[in-house]
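Take a look at the structure set out below.
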Amino acid sequence: MKVAIIGLSNSGKTTVFNALTGQSLETTIYPTTSGEPNIGVVKVPDPRLERLSAIYKPRKTTHATVEYIDYIGITKGDIQQNRKVFDLIKDVDAIVHVVRVFEDNAVLHPMNVINPLQDIEKVELELIFGDFELVEKRLYKMEESLKKGKKPDEAEKKLLLKCKDALEKEIPLRNVDYTEEEKRAMRHLQFISTKLEVIVLNIGEDDLNTEREKDFLKEVEGYFQKRYGNSSLETRYSVLSLCGKIEMEIARLSPDDAKLFLDDLKIKEPALIKLIHVCYDVLGLISFFTYVGDEVKAWTIPKGANALKAAGKIHTDIERGFIKAEVVSFDDFLSSGNIHAAKEKGFFRLEGKTYEVKDGDIINFRFNV
């Protein structure tokens with residue numbers, strides 16, 4: 001899973017990135033308009049994988065991973081500057097939009113005022129403008145090709161006009177309903193406002209676990225409900241709050257010290273875990289496990305994916321030569337204690353290509369190539 005962290009300058013993007021990745025990148029008090037992107041890869045925490053590893057005792061345990069990308073802030077009205085960000089994140093699975101809520105006179109806000117709803121709207125509009133520019137360019141090229149006698153792809157043209165209509169109404173493309181044919185036609189276009197979005201309210205230390213924090217969450221959720229609540233497609237976003245400054249400090253502590261710190265602040269789980277769970281929910285992802293070649297490994301697939309698609313996630317040869325999937329649920333396996341007991345109790349079953357993989361399934365694929 002690849003996730004881009006975006007937002008206006010000085011919203012705390014890099015602080016949140018540090019909190020998620022455990023890195024210690026320098027944060028600035030002035031807007032940054034250049035530089036190289038920051039990339040960090042983190043393991044997806046999964047207690048189930050640890051339990052399996054304790055039972056199997058493999059030589060290698062491999063977690064699923066999340067790749068986070070942090071880059072320069074989005075600038076209001078500067079399409080050329082923003083295009084640098086869009087080109088970098090056009091192939092990500094989701095975007096984490098960091099919104100500044102914390103007060104700090106030493107850290108300049110590009111709009112000179114702390115207004116979360118205003119900031120959300122500005123970034124959302126820049127995503128929309130970026131996609132609108134792309135639609136206009138492609139439609140223009142189609143018109144030019146038509147003048148030269150080359151007939152355009154009518155399916156794509158129809159889709160582009162549909163997208164243009166939504167964008168002109170300032171509706172992000174993630175809030176538009178598409179047919180399966182339109183979804184296939186859209187894949188190569190790499191629109192930005194189609195990306196599923198997690199809004200992260202970066203609050204100050206004094207607002208942590210207060211009514212003010214709850215009010216901010218309600219206000220932002222109400223904003224999205226009011227603006228997109230009548231969409232024919234369920235709004236593809238989620239909203240959460242955290243204190244980036246505190247979370248960055250927690251990420252630097254040992255597990256034991258971090259737990260004490262979290263307990264003291266009444267934080268249920270660190271940002272690293274909290275955000276991964278939210279991203280999995282928003283993207284509709286689940287995990288299944290394999291034990292092959294003395295390695296226990298977690299794999300991430302879309303909810304509803306069948307056994308054949310899960311096999312392809314591991315290797316195309318397994319998908320091509322698929323015979324059967326030997327499946328046991330995590331709970332059944334755990335209650336048995338080991339693989340032999342699980343088989344004796346009849347918990348293992350053979351499934352075909354169309355079997356819908358469930359979250360936590362342990363699968364051994366039988367194949368022949």
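Chain labels A, B, ... are given in the sequence in which chains occur in the structure tokens; within each chain residues are numbered consecutively from 1, and ligands are likewise numbered from 1 in the order shown.
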Q: Do a neighbour search on range 9-23 of chain A at 6 Å with only C-alpha atoms, toss out local chain neighbours closer than 4 positions, and write the hits as JSON, numbers by chain.
A: {"A": [31, 40, 73, 98, 99, 100, 244, 247, 248, 251, 272]}
Q.
Let's see if you can do this: from backbone DSSP, list all alpha helix (DSSP H) residues in range 274-325 of chain A, as a VMD selection string.
A. chain A and resid 274 to 283 307 to 314 316 to 320
Quick one: residues within 8 Å of range 139-146 of chain A, only C-alpha atoms, excluding same-chain residues fewer than 6 positions away - as a short mmCIF file (atom, residue, chain, number, x, y, z; two decimals) with N, CA, C and O atoms, in the first residue's frame?
data_model
loop_
_atom_site.label_atom_id
_atom_site.label_comp_id
_atom_site.auth_asym_id
_atom_site.auth_seq_id
_atom_site.Cartn_x
_atom_site.Cartn_y
_atom_site.Cartn_z
N PRO A 152 -11.56 9.81 -32.12
CA PRO A 152 -11.19 9.60 -30.72
C PRO A 152 -11.89 8.39 -30.12
O PRO A 152 -12.87 7.88 -30.66
N LYS A 157 -13.87 9.63 -24.23
CA LYS A 157 -14.38 11.00 -24.38
C LYS A 157 -15.63 11.21 -23.53
O LYS A 157 -15.79 12.23 -22.85
N LEU A 160 -14.55 11.50 -19.97
CA LEU A 160 -13.92 12.80 -19.70
C LEU A 160 -14.96 13.90 -19.57
O LEU A 160 -14.84 14.78 -18.70
#
In range 171-349 of chain A, DSSP strand (DSSP E) residues written as a CSV table (one decimal) with N, CA, C and O atoms, in the first residue's frame:
chain,number,residue,atom,x,y,z
A,196,LEU,N,-8.8,8.0,-2.5
A,196,LEU,CA,-9.5,7.9,-1.3
A,196,LEU,C,-8.8,8.8,-0.3
A,196,LEU,O,-7.5,8.7,-0.2
A,197,GLU,N,-9.5,9.5,0.6
A,197,GLU,CA,-8.8,10.5,1.4
A,197,GLU,C,-9.1,10.3,2.9
A,197,GLU,O,-10.2,10.0,3.3
A,198,VAL,N,-8.0,10.4,3.7
A,198,VAL,CA,-8.1,10.4,5.1
A,198,VAL,C,-7.7,11.8,5.6
A,198,VAL,O,-6.6,12.3,5.3
A,199,ILE,N,-8.6,12.5,6.3
A,199,ILE,CA,-8.4,13.8,6.8
A,199,ILE,C,-7.8,13.7,8.2
A,199,ILE,O,-8.4,13.1,9.1
A,200,VAL,N,-6.6,14.2,8.4
A,200,VAL,CA,-5.9,14.1,9.7
A,200,VAL,C,-5.9,15.6,10.3
A,200,VAL,O,-5.2,16.4,9.8
A,201,LEU,N,-6.6,15.8,11.4
A,201,LEU,CA,-6.6,17.1,12.0
A,201,LEU,C,-5.4,17.1,13.0
A,201,LEU,O,-5.4,16.4,14.0
A,202,ASN,N,-4.4,17.9,12.7
A,202,ASN,CA,-3.2,18.0,13.5
A,202,ASN,C,-3.4,19.0,14.6
A,202,ASN,O,-3.3,20.2,14.4
A,237,TYR,N,-14.1,9.0,2.3
A,237,TYR,CA,-13.1,9.7,3.2
A,237,TYR,C,-13.3,9.3,4.6
A,237,TYR,O,-14.3,8.6,5.0
A,238,SER,N,-12.3,9.6,5.4
A,238,SER,CA,-12.4,9.4,6.9
A,238,SER,C,-11.7,10.5,7.6
A,238,SER,O,-10.8,11.1,7.0
A,239,VAL,N,-12.2,10.8,8.8
A,239,VAL,CA,-11.6,11.9,9.5
A,239,VAL,C,-11.1,11.4,10.9
A,239,VAL,O,-11.8,10.7,11.6
A,240,LEU,N,-9.9,11.8,11.3
A,240,LEU,CA,-9.4,11.5,12.6
A,240,LEU,C,-8.5,12.7,13.1
A,240,LEU,O,-8.1,13.5,12.3
A,241,SER,N,-8.2,12.7,14.3
A,241,SER,CA,-7.4,13.7,14.9
A,241,SER,C,-6.2,13.1,15.7
A,241,SER,O,-6.3,12.0,16.2
A,242,LEU,N,-5.1,13.9,15.7
A,242,LEU,CA,-3.9,13.5,16.4
A,242,LEU,C,-3.0,14.7,16.7
A,242,LEU,O,-3.2,15.7,16.0
A,285,LEU,N,-9.4,-3.0,2.5
A,285,LEU,CA,-8.4,-4.0,2.4
A,285,LEU,C,-8.5,-5.0,3.6
A,285,LEU,O,-8.9,-4.7,4.7
A,286,ILE,N,-8.0,-6.2,3.3
A,286,ILE,CA,-7.9,-7.2,4.4
A,286,ILE,C,-6.6,-7.9,4.2
A,286,ILE,O,-5.8,-7.7,3.2
A,287,SER,N,-6.2,-8.8,5.2
A,287,SER,CA,-5.0,-9.5,5.1
A,287,SER,C,-5.2,-11.0,5.2
A,287,SER,O,-6.2,-11.5,5.8
A,288,PHE,N,-4.4,-11.8,4.4
A,288,PHE,CA,-4.4,-13.2,4.6
A,288,PHE,C,-3.0,-13.6,4.8
A,288,PHE,O,-2.0,-12.8,4.6
A,289,PHE,N,-2.7,-14.9,5.2
A,289,PHE,CA,-1.4,-15.3,5.6
A,289,PHE,C,-1.0,-16.6,4.9
A,289,PHE,O,-1.9,-17.4,4.6
A,290,THR,N,0.3,-16.7,4.7
A,290,THR,CA,0.8,-18.0,4.1
A,290,THR,C,2.0,-18.4,5.0
A,290,THR,O,2.7,-17.7,5.7
A,291,TYR,N,2.3,-19.8,4.9
A,291,TYR,CA,3.5,-20.3,5.5
A,291,TYR,C,4.1,-21.2,4.5
A,291,TYR,O,3.6,-22.4,4.3
A,292,VAL,N,5.1,-20.7,3.8
A,292,VAL,CA,5.8,-21.4,2.7
A,292,VAL,C,7.3,-21.3,2.9
A,292,VAL,O,7.8,-20.1,3.1
A,295,GLU,N,8.7,-19.5,5.9
A,295,GLU,CA,8.4,-18.1,6.1
A,295,GLU,C,6.9,-17.9,6.3
A,295,GLU,O,6.1,-18.4,5.6
A,296,VAL,N,6.6,-17.2,7.4
A,296,VAL,CA,5.2,-16.8,7.6
A,296,VAL,C,5.1,-15.3,7.1
A,296,VAL,O,5.9,-14.5,7.4
A,297,LYS,N,4.1,-15.1,6.2
A,297,LYS,CA,4.0,-13.8,5.6
A,297,LYS,C,2.5,-13.3,5.5
A,297,LYS,O,1.6,-14.1,5.3
A,298,ALA,N,2.4,-12.0,5.7
A,298,ALA,CA,1.1,-11.4,5.6
A,298,ALA,C,0.9,-10.7,4.2
A,298,ALA,O,1.9,-10.1,3.7
A,299,TRP,N,-0.2,-10.9,3.6
A,299,TRP,CA,-0.5,-10.3,2.3
A,299,TRP,C,-1.7,-9.4,2.3
A,299,TRP,O,-2.7,-9.7,3.1
A,300,THR,N,-1.7,-8.3,1.6
A,300,THR,CA,-2.9,-7.4,1.6
A,300,THR,C,-3.6,-7.5,0.3
A,300,THR,O,-3.0,-7.4,-0.8
A,301,ILE,N,-4.9,-7.6,0.3
A,301,ILE,CA,-5.8,-7.7,-0.9
A,301,ILE,C,-7.1,-6.9,-0.6
A,301,ILE,O,-7.4,-6.7,0.5
A,302,PRO,N,-7.8,-6.6,-1.7
A,302,PRO,CA,-9.1,-5.9,-1.5
A,302,PRO,C,-10.1,-6.8,-0.9
A,302,PRO,O,-10.1,-8.0,-1.2
A,322,PHE,N,-3.3,-22.3,-10.9
A,322,PHE,CA,-4.1,-22.5,-9.7
A,322,PHE,C,-4.9,-23.8,-9.8
A,322,PHE,O,-5.5,-24.1,-10.9
A,323,ILE,N,-4.9,-24.6,-8.8
A,323,ILE,CA,-5.7,-25.9,-8.7
A,323,ILE,C,-6.7,-25.7,-7.6
A,323,ILE,O,-7.9,-25.8,-7.8
A,324,LYS,N,-6.2,-25.6,-6.4
A,324,LYS,CA,-7.1,-25.4,-5.2
A,324,LYS,C,-6.4,-24.6,-4.2
A,324,LYS,O,-5.2,-24.4,-4.2
A,325,ALA,N,-7.2,-24.0,-3.3
A,325,ALA,CA,-6.7,-23.3,-2.1
A,325,ALA,C,-7.0,-24.0,-0.9
A,325,ALA,O,-8.2,-24.3,-0.6
A,326,GLU,N,-6.0,-24.4,-0.1
A,326,GLU,CA,-6.3,-25.1,1.2
A,326,GLU,C,-6.4,-24.0,2.3
A,326,GLU,O,-5.4,-23.3,2.5
A,327,VAL,N,-7.5,-23.8,2.9
A,327,VAL,CA,-7.8,-22.7,3.7
A,327,VAL,C,-8.3,-23.1,5.1
A,327,VAL,O,-9.0,-24.0,5.3
A,328,VAL,N,-7.8,-22.3,6.1
A,328,VAL,CA,-8.3,-22.4,7.5
A,328,VAL,C,-8.3,-21.0,8.0
A,328,VAL,O,-7.5,-20.2,7.7
A,349,ARG,N,-10.1,-26.7,4.7
A,349,ARG,CA,-11.0,-27.1,3.6
A,349,ARG,C,-10.4,-26.7,2.3
A,349,ARG,O,-9.6,-25.8,2.2
Q: Extract, using only C-alpha atoms, all DNA, RNA and protein residues at most 8 Å from Lys345 in chain A, discarding same-chain residues fewer than 3 positions from it, and format them as a PyMOL selection string.
A: chain A and resi 336+341-342
Q | Nearby residues (only C-alpha atoms) at most 8 Å from Leu125 in chain A, same-chain spacing under 4 positions excluded, as a ChimeraX atom specification | A | /A:121,129,170
Q) Contacts of Asp46 in chain A at 10 Å or less, counting only C-alpha atoms, minus same-chain residues fewer than 2 places along, as a list in words? A) Lys43, Val44, Arg48, Leu49, Glu50, Arg51, His63, Ala64, Ile273, Ser287 and Ala298 of chain A
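For the set A:Lys57, A:Lys76, A:Lys259, A:Lys245, the residue with the smallest atom-to-atom gap to Leu8 in chain A is A:Lys76, counting only C-alpha atoms.
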**Q.** Nearby residues (only C-alpha atoms) at most 7 Å from Phe330 in chain A, same-chain spacing under 3 positions excluded, as a ChimeraX atom specification
**A.** /A:333-334,360-362
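For the pair CA of Val135 in chain A and CA of Ile74 in chain A, the separation is 20.1 Å.
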(Q) Counting only C-alpha atoms, which residue out of A:Leu265, A:Ile171, A:Ile318, A:Phe191 sits closest to Tyr228 in chain A? (A) A:Ile171
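In this structure, CA of Ile276 in chain A sits 8.6 Å away from CA of Pro45 in chain A.
For the choices A:Val101, A:Ile314, A:Val96, A:Leu308, the atom-to-atom distance to Thr354 in chain A is smallest for A:Leu308 when using only C-alpha atoms.
For the residues A:Val176, A:Ala307, A:Leu134, A:Ala258, ranking by smallest atom-to-atom distance to Leu189 in chain A using only C-alpha atoms places A:Leu134 first.
Distances to Pro255 in chain A were evaluated for A:Asn105, A:Glu269, A:Glu168, A:Asp331 using only C-alpha atoms, and the minimum falls at A:Glu269.
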(Q) Report, in Å to a single decimal, how far apart CA of Cys243 in chain A and CA of Asp207 in chain A are. (A) 8.5 Å
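Counting only C-alpha atoms, the residue from A:Lys122, A:Lys2, A:Lys353, A:Lys169 that sits nearest to Leu88 in chain A is A:Lys2.
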